[in-house]
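Reproduced below: entry-v3.cif, with mmCIF, C-alpha atoms and all ligand atoms.
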data_work
#
loop_
_atom_site.label_atom_id
_atom_site.label_comp_id
_atom_site.auth_asym_id
_atom_site.auth_seq_id
_atom_site.Cartn_x
_atom_site.Cartn_y
_atom_site.Cartn_z
CA MET A 1 13.88 -16.92 8.12
CA ARG A 2 14.92 -15.22 4.90
CA ILE A 3 18.60 -14.68 4.19
CA ARG A 4 19.75 -12.06 1.71
CA VAL A 5 23.45 -11.84 0.93
CA PHE A 6 24.90 -8.79 -0.81
CA SER A 7 28.33 -8.14 -2.23
CA CYS A 8 28.75 -5.02 -0.10
CA ALA A 9 27.23 -3.27 2.91
CA ARG A 10 26.08 -0.30 0.84
CA GLU A 11 23.85 -2.52 -1.34
CA ALA A 12 22.55 -4.25 1.77
CA GLY A 13 21.67 -0.87 3.29
CA VAL A 14 19.72 0.08 0.18
CA TYR A 15 17.76 -3.18 0.44
CA ALA A 16 16.98 -2.64 4.14
CA ALA A 17 15.87 0.94 3.41
CA ALA A 18 13.51 -0.40 0.71
CA LEU A 19 12.01 -2.73 3.35
CA ALA A 20 11.58 0.28 5.64
CA GLU A 21 9.87 2.19 2.83
CA GLN A 22 7.51 -0.76 2.31
CA THR A 23 6.67 -0.64 6.03
CA ILE A 24 6.17 3.12 6.02
CA LEU A 25 3.87 2.99 3.01
CA SER A 26 1.79 0.08 4.27
CA SER A 27 0.77 1.51 7.65
CA GLU A 28 -1.26 4.54 8.79
CA HIS A 29 1.05 5.01 11.79
CA PRO A 30 4.30 3.24 10.95
CA VAL A 31 6.74 2.48 13.76
CA LEU A 32 10.39 1.71 13.05
CA GLY A 33 12.58 0.15 15.73
CA LEU A 34 16.09 1.54 15.20
CA SER A 35 19.55 0.52 16.31
CA THR A 36 22.95 2.14 16.64
CA GLY A 37 26.37 0.81 15.65
CA SER A 38 28.39 1.00 12.46
CA THR A 39 26.28 -1.73 10.83
CA ALA A 40 23.26 0.58 10.69
CA LEU A 41 25.10 3.34 8.81
CA PRO A 42 24.53 2.17 5.20
CA PHE A 43 20.84 1.74 6.06
CA TYR A 44 20.64 5.28 7.45
CA ASP A 45 22.45 6.68 4.39
CA ALA A 46 19.91 5.00 2.12
CA LEU A 47 16.89 5.93 4.26
CA ALA A 48 17.96 9.59 4.45
CA GLY A 49 18.45 9.44 0.67
CA LEU A 50 14.92 8.09 0.19
CA THR A 51 13.45 10.99 2.15
CA ALA A 52 15.35 13.38 -0.15
CA SER A 53 13.78 11.49 -3.08
CA GLY A 54 10.25 12.00 -1.78
CA LEU A 55 9.58 9.34 0.86
CA ASP A 56 7.25 10.91 3.44
CA VAL A 57 8.22 9.97 7.01
CA SER A 58 6.11 12.59 8.74
CA ARG A 59 3.71 9.94 10.14
CA THR A 60 6.51 7.59 11.17
CA VAL A 61 7.45 7.08 14.80
CA THR A 62 10.88 5.68 15.72
CA VAL A 63 11.92 3.88 18.89
CA ASN A 64 15.53 3.02 19.62
CA LEU A 65 16.83 -0.05 21.37
CA ASP A 66 19.19 1.27 23.96
CA GLU A 67 21.35 3.96 25.55
CA TYR A 68 24.37 4.08 27.84
CA VAL A 69 23.62 4.76 31.50
CA GLY A 70 25.01 8.10 32.61
CA LEU A 71 25.26 9.73 29.19
CA GLY A 72 23.04 12.71 28.44
CA ALA A 73 21.60 13.29 24.98
CA ASP A 74 24.40 15.75 24.14
CA HIS A 75 27.27 13.46 25.09
CA PRO A 76 29.32 12.83 21.92
CA GLN A 77 29.18 9.02 22.43
CA SER A 78 25.52 8.84 23.39
CA PHE A 79 23.17 6.94 21.14
CA HIS A 80 20.97 10.06 21.10
CA ARG A 81 23.82 11.92 19.44
CA PHE A 82 24.54 8.99 17.10
CA MET A 83 20.95 8.98 15.88
CA HIS A 84 20.87 12.73 15.48
CA GLU A 85 24.08 12.82 13.44
CA HIS A 86 23.55 9.76 11.30
CA LEU A 87 19.83 9.95 10.65
CA PHE A 88 17.58 12.55 12.25
CA ALA A 89 19.55 15.62 11.13
CA ARG A 90 19.82 14.27 7.58
CA LEU A 91 16.14 13.74 6.87
CA ALA A 92 14.37 15.96 4.38
CA GLU A 93 11.62 16.28 7.03
CA PRO A 94 11.47 14.98 10.61
CA PHE A 95 9.82 11.83 11.90
CA ALA A 96 6.55 12.37 13.78
CA GLU A 97 8.26 11.29 17.02
CA SER A 98 11.57 9.69 17.92
CA HIS A 99 12.18 7.95 21.23
CA LEU A 100 15.33 6.69 22.93
CA PRO A 101 15.71 5.65 26.57
CA ARG A 102 17.27 8.43 28.67
CA GLY A 103 20.62 7.28 30.00
CA ASP A 104 20.80 10.22 32.41
CA ALA A 105 17.33 9.72 33.89
CA PRO A 106 17.42 10.30 37.68
CA ASP A 107 15.33 7.18 38.34
CA LEU A 108 16.38 4.41 35.95
CA ALA A 109 13.68 1.96 37.06
CA ALA A 110 11.02 4.59 36.33
CA GLU A 111 12.68 5.31 32.97
CA CYS A 112 12.49 1.57 32.08
CA ARG A 113 8.77 1.51 32.94
CA ALA A 114 8.14 4.71 30.97
CA TYR A 115 9.97 3.29 27.95
CA ASP A 116 7.90 0.11 28.03
CA GLU A 117 4.81 2.33 28.03
CA ILE A 118 6.14 4.07 24.90
CA LEU A 119 6.68 0.65 23.29
CA ARG A 120 3.15 -0.35 24.25
CA ARG A 121 1.73 2.80 22.63
CA HIS A 122 3.84 2.30 19.49
CA PRO A 123 3.99 -1.38 18.53
CA ILE A 124 6.99 -1.85 16.25
CA ASP A 125 6.26 -2.66 12.61
CA LEU A 126 9.87 -3.15 11.53
CA GLN A 127 12.75 -3.69 13.95
CA ILE A 128 16.25 -3.05 12.57
CA LEU A 129 18.99 -4.88 14.46
CA GLY A 130 22.73 -5.34 14.39
CA ILE A 131 24.53 -8.06 16.31
CA GLY A 132 27.36 -7.74 18.81
CA LEU A 133 30.43 -9.97 18.43
CA ASN A 134 29.13 -11.86 21.49
CA GLY A 135 25.65 -12.22 19.98
CA HIS A 136 23.95 -9.38 21.82
CA ILE A 137 20.91 -7.66 20.34
CA GLY A 138 20.31 -4.18 21.64
CA PHE A 139 22.30 -4.61 24.84
CA ASN A 140 20.75 -7.95 25.77
CA GLU A 141 23.98 -9.66 26.74
CA PRO A 142 24.72 -13.41 26.88
CA GLY A 143 23.85 -15.09 30.18
CA HIS A 144 21.58 -17.53 31.96
CA VAL A 145 18.47 -15.43 31.43
CA LEU A 146 17.23 -12.95 28.88
CA HIS A 147 15.04 -10.16 30.23
CA SER A 148 11.65 -9.52 28.69
CA ALA A 149 11.17 -5.84 29.45
CA THR A 150 13.32 -2.72 29.34
CA HIS A 151 16.03 -3.00 31.98
CA VAL A 152 19.42 -1.80 33.17
CA VAL A 153 22.19 -4.17 32.15
CA PRO A 154 25.85 -4.38 33.19
CA LEU A 155 27.89 -4.40 29.99
CA SER A 156 30.15 -7.40 29.53
CA GLY A 157 33.92 -7.02 29.26
CA ASP A 158 33.64 -8.10 25.60
CA THR A 159 31.13 -5.38 24.80
CA ARG A 160 33.10 -2.68 26.60
CA ARG A 161 36.26 -3.72 24.74
CA GLN A 162 34.37 -3.79 21.44
CA ASN A 163 32.99 -0.29 21.98
CA ALA A 164 36.26 1.11 23.36
CA ARG A 165 37.05 2.35 19.86
CA PHE A 166 34.45 5.10 20.31
CA PHE A 167 35.56 6.12 23.82
CA GLY A 168 39.35 5.91 23.59
CA ASP A 169 39.68 2.93 25.96
CA ALA A 170 37.48 0.25 27.52
CA GLN A 171 37.59 1.90 30.97
CA ALA A 172 35.87 4.98 29.56
CA VAL A 173 32.95 2.91 28.22
CA PRO A 174 29.98 3.20 30.61
CA SER A 175 29.60 0.12 32.80
CA HIS A 176 25.82 -0.12 32.29
CA ALA A 177 23.19 0.49 29.64
CA LEU A 178 19.43 0.67 29.35
CA THR A 179 18.04 -1.71 26.76
CA ILE A 180 14.64 -2.89 25.64
CA GLY A 181 14.07 -6.55 26.43
CA VAL A 182 13.89 -9.53 24.08
CA GLN A 183 10.13 -9.76 24.39
CA SER A 184 9.82 -6.22 23.02
CA ILE A 185 12.13 -7.13 20.14
CA LEU A 186 10.22 -10.34 19.39
CA ALA A 187 6.92 -8.41 19.49
CA ALA A 188 7.95 -6.51 16.33
CA ARG A 189 5.85 -7.48 13.32
CA ARG A 190 8.96 -7.83 11.16
CA ILE A 191 12.66 -7.98 12.04
CA VAL A 192 15.70 -7.23 9.89
CA LEU A 193 19.08 -8.15 11.35
CA MET A 194 22.10 -6.82 9.48
CA ALA A 195 25.69 -8.02 9.82
CA PHE A 196 28.70 -7.10 7.73
CA GLY A 197 32.35 -8.13 7.68
CA ALA A 198 34.38 -11.27 8.36
CA ALA A 199 34.51 -10.52 12.11
CA LYS A 200 30.76 -11.24 12.32
CA ALA A 201 30.86 -14.56 10.40
CA ASP A 202 31.29 -16.77 13.48
CA ILE A 203 28.58 -15.18 15.58
CA VAL A 204 26.14 -15.11 12.64
CA ALA A 205 26.71 -18.86 12.16
CA ARG A 206 26.29 -19.54 15.90
CA ALA A 207 23.14 -17.43 16.16
CA PHE A 208 21.35 -18.65 13.06
CA GLY A 209 22.98 -21.94 12.13
CA GLY A 210 22.67 -23.62 15.53
CA GLU A 211 20.51 -24.03 18.60
CA VAL A 212 18.57 -21.31 20.42
CA SER A 213 20.45 -20.30 23.57
CA THR A 214 20.47 -17.42 26.03
CA GLU A 215 24.26 -17.55 25.66
CA VAL A 216 23.75 -16.25 22.10
CA PRO A 217 20.91 -13.75 22.52
CA ALA A 218 20.37 -13.19 18.77
CA SER A 219 19.53 -16.89 18.42
CA VAL A 220 16.08 -16.20 19.93
CA LEU A 221 15.22 -14.53 16.63
CA GLN A 222 14.93 -18.06 15.22
CA LEU A 223 11.61 -18.18 17.13
CA HIS A 224 10.16 -15.19 15.25
CA ARG A 225 8.05 -15.78 12.16
CA ASP A 226 9.26 -12.85 10.04
CA VAL A 227 13.01 -12.34 10.25
CA THR A 228 15.26 -11.32 7.37
CA LEU A 229 19.03 -11.57 7.73
CA VAL A 230 20.69 -8.93 5.56
CA LEU A 231 24.35 -9.87 5.24
CA ASP A 232 27.36 -9.22 3.13
CA GLU A 233 29.26 -12.19 1.72
CA THR A 234 31.93 -12.20 4.41
CA ALA A 235 29.44 -12.18 7.31
CA ALA A 236 27.45 -14.98 5.64
CA ALA A 237 30.51 -17.14 4.95
CA ARG A 238 30.06 -19.61 7.83
CA LEU A 239 26.30 -20.10 7.69
CA PRO A 240 25.63 -23.76 6.93
CA ARG A 241 23.05 -23.07 4.23
CA ARG A 242 22.02 -20.05 2.24
CA GLY A 243 18.69 -19.19 0.65
CA CYS A 244 15.15 -18.98 1.95
C1 LIG A 301 26.07 -1.91 19.90
C2 LIG A 301 24.53 -1.85 20.02
C3 LIG A 301 23.87 -2.94 19.22
C4 LIG A 301 24.64 -3.11 17.92
C5 LIG A 301 25.99 -3.69 18.20
C6 LIG A 301 26.86 -3.88 16.97
O1 LIG A 301 26.76 -1.82 21.07
N1 LIG A 301 24.01 -1.86 21.35
O2 LIG A 301 22.51 -2.59 19.00
O3 LIG A 301 23.95 -3.99 17.08
O4 LIG A 301 26.62 -3.05 19.27
O5 LIG A 301 27.64 -2.76 16.67
P1 LIG A 301 28.39 -2.62 15.29
O6 LIG A 301 27.32 -2.48 14.25
O7 LIG A 301 29.20 -1.35 15.40
O8 LIG A 301 29.21 -3.84 15.09
#

Please express the file's structure as structure tokens.
Amino acid sequence: MRIRVFSCAREAGVYAAALAEQTILSSEHPVLGLSTGSTALPFYDALAGLTASGLDVSRTVTVNLDEYVGLGADHPQSFHRFMHEHLFARLAEPFAESHLPRGDAPDLAAECRAYDEILRRHPIDLQILGIGLNGHIGFNEPGHVLHSATHVVPLSGDTRRQNARFFGDAQAVPSHALTIGVQSILAARRIVLMAFGAAKADIVARAFGGEVSTEVPASVLQLHRDVTLVLDETAAARLPRRGC
């Protein structure tokens, strides 16, 4: 596992975007796995900037991690809308294809199967991840088991409280989400997990400085052979060791 610590999130985002450019340039049909959340924003700023500077993303396919159950693509808090506003609408030219699970699909089990088929057709070259305060990746929440494939997940009280800031209050946060499974995340050729701010310091230390546990879903990334943690100094503060 490589650990890269930056003095601010903006610099970290520029570094992650350079890794994405490397991926895009080194593959005939590059596939980026993308995530939502405030952590991804500096990365999207830098990636959109790179396309304005000449990076060609017209062969690149993107697949997102998750979506809230019940929210259509036009809902202001949907991850579809997040991606459109923070990345897709800002590109100098569009990606070849962009996929997100449909939270308003009439048959959620069929939607999960269809999304796994999309993931099978587009194996992820670079997966960008954030981490929830409880250690979730995508919406793979802490528990006794971690699911391999795309599934419907009840969101934990912690997660609903954490995301209440976008919805006004925790009750308004959807109770369930669709998320790709940990096997799909671990199947990515390369993984970059970003975390910024003092609030993430504890969970980063638990996930990457300790044992692998389903109670800290991000800890399974310790089992992957090509993971880079992209942190700012405050998020890295409690890791036992730094460096590669
Ligand atoms: C969200 C997403 C995750 C994301 C996490 C962290 O709910 N499902 O993919 O990594 O929570 O969000 P933030 O970056 O805003 O802290």

Practice problem: Would you kindly return, as a ChimeraX atom specification, each protein, DNA or RNA residue with an atom no farther than 10 Å from any atom of Ala198 of chain A, considering only C-alpha atoms and excluding same-chain residues fewer than 5 positions away? | Solution: /A:232-238

Practice problem: Give the residues close to ligand LIG 301 (chain A), within 7 Å, counting all atoms listed in the file; write them as number ranges by chain. | Solution: A: 35-40, 65-66, 129-132, 136-139, 159, 163

Any chance you can output those residues with C-alpha atoms as a short mmCIF file (atom, residue, chain, number, x, y, z; two decimals), in the coordinates of the input?
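selection_27.cif, freshly written:
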data_model
loop_
_atom_site.label_atom_id
_atom_site.label_comp_id
_atom_site.auth_asym_id
_atom_site.auth_seq_id
_atom_site.Cartn_x
_atom_site.Cartn_y
_atom_site.Cartn_z
CA SER A 35 19.55 0.52 16.31
CA THR A 36 22.95 2.14 16.64
CA GLY A 37 26.37 0.81 15.65
CA SER A 38 28.39 1.00 12.46
CA THR A 39 26.28 -1.73 10.83
CA ALA A 40 23.26 0.58 10.69
CA LEU A 65 16.83 -0.05 21.37
CA ASP A 66 19.19 1.27 23.96
CA LEU A 129 18.99 -4.88 14.46
CA GLY A 130 22.73 -5.34 14.39
CA ILE A 131 24.53 -8.06 16.31
CA GLY A 132 27.36 -7.74 18.81
CA HIS A 136 23.95 -9.38 21.82
CA ILE A 137 20.91 -7.66 20.34
CA GLY A 138 20.31 -4.18 21.64
CA PHE A 139 22.30 -4.61 24.84
CA THR A 159 31.13 -5.38 24.80
CA ASN A 163 32.99 -0.29 21.98
#

Quiz prompt | Å distance separating atom CA of Arg10 of chain A from atom CA of Glu28 of chain A, one decimal place | solution =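 Distance between the two atoms: 28.9 Å.
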
Quiz item: Pick from A:Thr150, A:Ser156, A:Asn140, A:Thr179: nearest to Pro217 of chain A, with only C-alpha atoms counted?
Solution: A:Asn140

Quiz item: Can you tell me, as an MDAnalysis selection string, what residues are no more than 6 Å from Ala17 of chain A when counting all atoms listed in the file, ignoring any on the same chain fewer than 2 positions away?
Solution: chainID A and resid 14:15 19:20 43 46:47

I need the residues from that last selection saved to file as a PDB file, in the coordinates of the input (with C-alpha atoms), if you can.
ATOM      1  CA  VAL A  14      19.720   0.080   0.180  1.00  0.00           C
ATOM      2  CA  TYR A  15      17.760  -3.180   0.440  1.00  0.00           C
ATOM      3  CA  LEU A  19      12.010  -2.730   3.350  1.00  0.00           C
ATOM      4  CA  ALA A  20      11.580   0.280   5.640  1.00  0.00           C
ATOM      5  CA  PHE A  43      20.840   1.740   6.060  1.00  0.00           C
ATOM      6  CA  ALA A  46      19.910   5.000   2.120  1.00  0.00           C
ATOM      7  CA  LEU A  47      16.890   5.930   4.260  1.00  0.00           C
TER       8      LEU A  47
END

Quiz item: From the set A:Gln127, A:Gln222, A:Ser26, A:Ser78, which residue has the shortest atom-to-atom contact distance to Val63 of chain A, counting all atoms listed in the file?
Solution: A:Gln127

Because the input lacks atoms here, generate all heavy atoms for segment 103-114 of chain A and report them as a short mmCIF file (atom, residue, chain, number, x, y, z; two decimals), in the frame of the given file.
data_model
loop_
_atom_site.label_atom_id
_atom_site.label_comp_id
_atom_site.auth_asym_id
_atom_site.auth_seq_id
_atom_site.Cartn_x
_atom_site.Cartn_y
_atom_site.Cartn_z
N GLY A 103 19.55 7.86 29.19
CA GLY A 103 20.62 7.28 30.00
C GLY A 103 20.91 8.08 31.25
O GLY A 103 21.50 7.57 32.20
N ASP A 104 20.54 9.37 31.24
CA ASP A 104 20.80 10.22 32.41
C ASP A 104 19.55 10.44 33.26
O ASP A 104 19.50 11.38 34.05
CB ASP A 104 21.39 11.57 31.97
CG ASP A 104 20.44 12.35 31.05
OD1 ASP A 104 19.42 11.77 30.59
OD2 ASP A 104 20.71 13.54 30.79
N ALA A 105 18.55 9.58 33.09
CA ALA A 105 17.33 9.72 33.89
C ALA A 105 17.68 9.56 35.37
O ALA A 105 18.48 8.69 35.72
CB ALA A 105 16.30 8.66 33.48
N PRO A 106 17.08 10.39 36.25
CA PRO A 106 17.42 10.30 37.68
C PRO A 106 16.96 8.99 38.30
O PRO A 106 17.61 8.46 39.20
CB PRO A 106 16.68 11.50 38.30
CG PRO A 106 15.71 11.96 37.26
CD PRO A 106 16.18 11.49 35.93
N ASP A 107 15.86 8.44 37.79
CA ASP A 107 15.33 7.18 38.34
C ASP A 107 15.26 6.18 37.17
O ASP A 107 14.35 6.21 36.35
CB ASP A 107 13.93 7.45 38.93
CG ASP A 107 13.30 6.18 39.50
OD1 ASP A 107 13.77 5.07 39.18
OD2 ASP A 107 12.33 6.32 40.25
N LEU A 108 16.27 5.30 37.12
CA LEU A 108 16.38 4.41 35.95
C LEU A 108 15.25 3.39 35.89
O LEU A 108 14.79 3.04 34.80
CB LEU A 108 17.74 3.70 35.97
CG LEU A 108 18.96 4.62 35.75
CD1 LEU A 108 20.25 3.85 35.92
CD2 LEU A 108 18.92 5.28 34.37
N ALA A 109 14.79 2.94 37.06
CA ALA A 109 13.68 1.96 37.06
C ALA A 109 12.43 2.61 36.49
O ALA A 109 11.70 2.00 35.69
CB ALA A 109 13.43 1.46 38.49
N ALA A 110 12.19 3.88 36.86
CA ALA A 110 11.02 4.59 36.33
C ALA A 110 11.19 4.82 34.83
O ALA A 110 10.22 4.73 34.06
CB ALA A 110 10.85 5.92 37.06
N GLU A 111 12.42 5.10 34.40
CA GLU A 111 12.68 5.31 32.97
C GLU A 111 12.39 4.02 32.18
O GLU A 111 11.82 4.06 31.09
CB GLU A 111 14.14 5.75 32.77
CG GLU A 111 14.57 5.95 31.32
CD GLU A 111 13.83 7.09 30.60
OE1 GLU A 111 13.14 7.88 31.26
OE2 GLU A 111 13.94 7.14 29.36
N CYS A 112 12.77 2.87 32.74
CA CYS A 112 12.49 1.57 32.08
C CYS A 112 10.98 1.38 31.93
O CYS A 112 10.50 0.98 30.87
CB CYS A 112 13.08 0.42 32.88
SG CYS A 112 14.87 0.37 32.84
N ARG A 113 10.24 1.67 33.00
CA ARG A 113 8.77 1.51 32.94
C ARG A 113 8.17 2.47 31.92
O ARG A 113 7.31 2.10 31.13
CB ARG A 113 8.14 1.75 34.32
CG ARG A 113 8.41 0.62 35.32
CD ARG A 113 7.51 0.75 36.54
NE ARG A 113 7.74 1.98 37.28
CZ ARG A 113 8.70 2.13 38.21
NH1 ARG A 113 9.51 1.12 38.52
NH2 ARG A 113 8.85 3.28 38.86
N ALA A 114 8.67 3.71 31.91
CA ALA A 114 8.14 4.71 30.97
C ALA A 114 8.44 4.29 29.53
O ALA A 114 7.62 4.49 28.63
CB ALA A 114 8.75 6.07 31.27
#
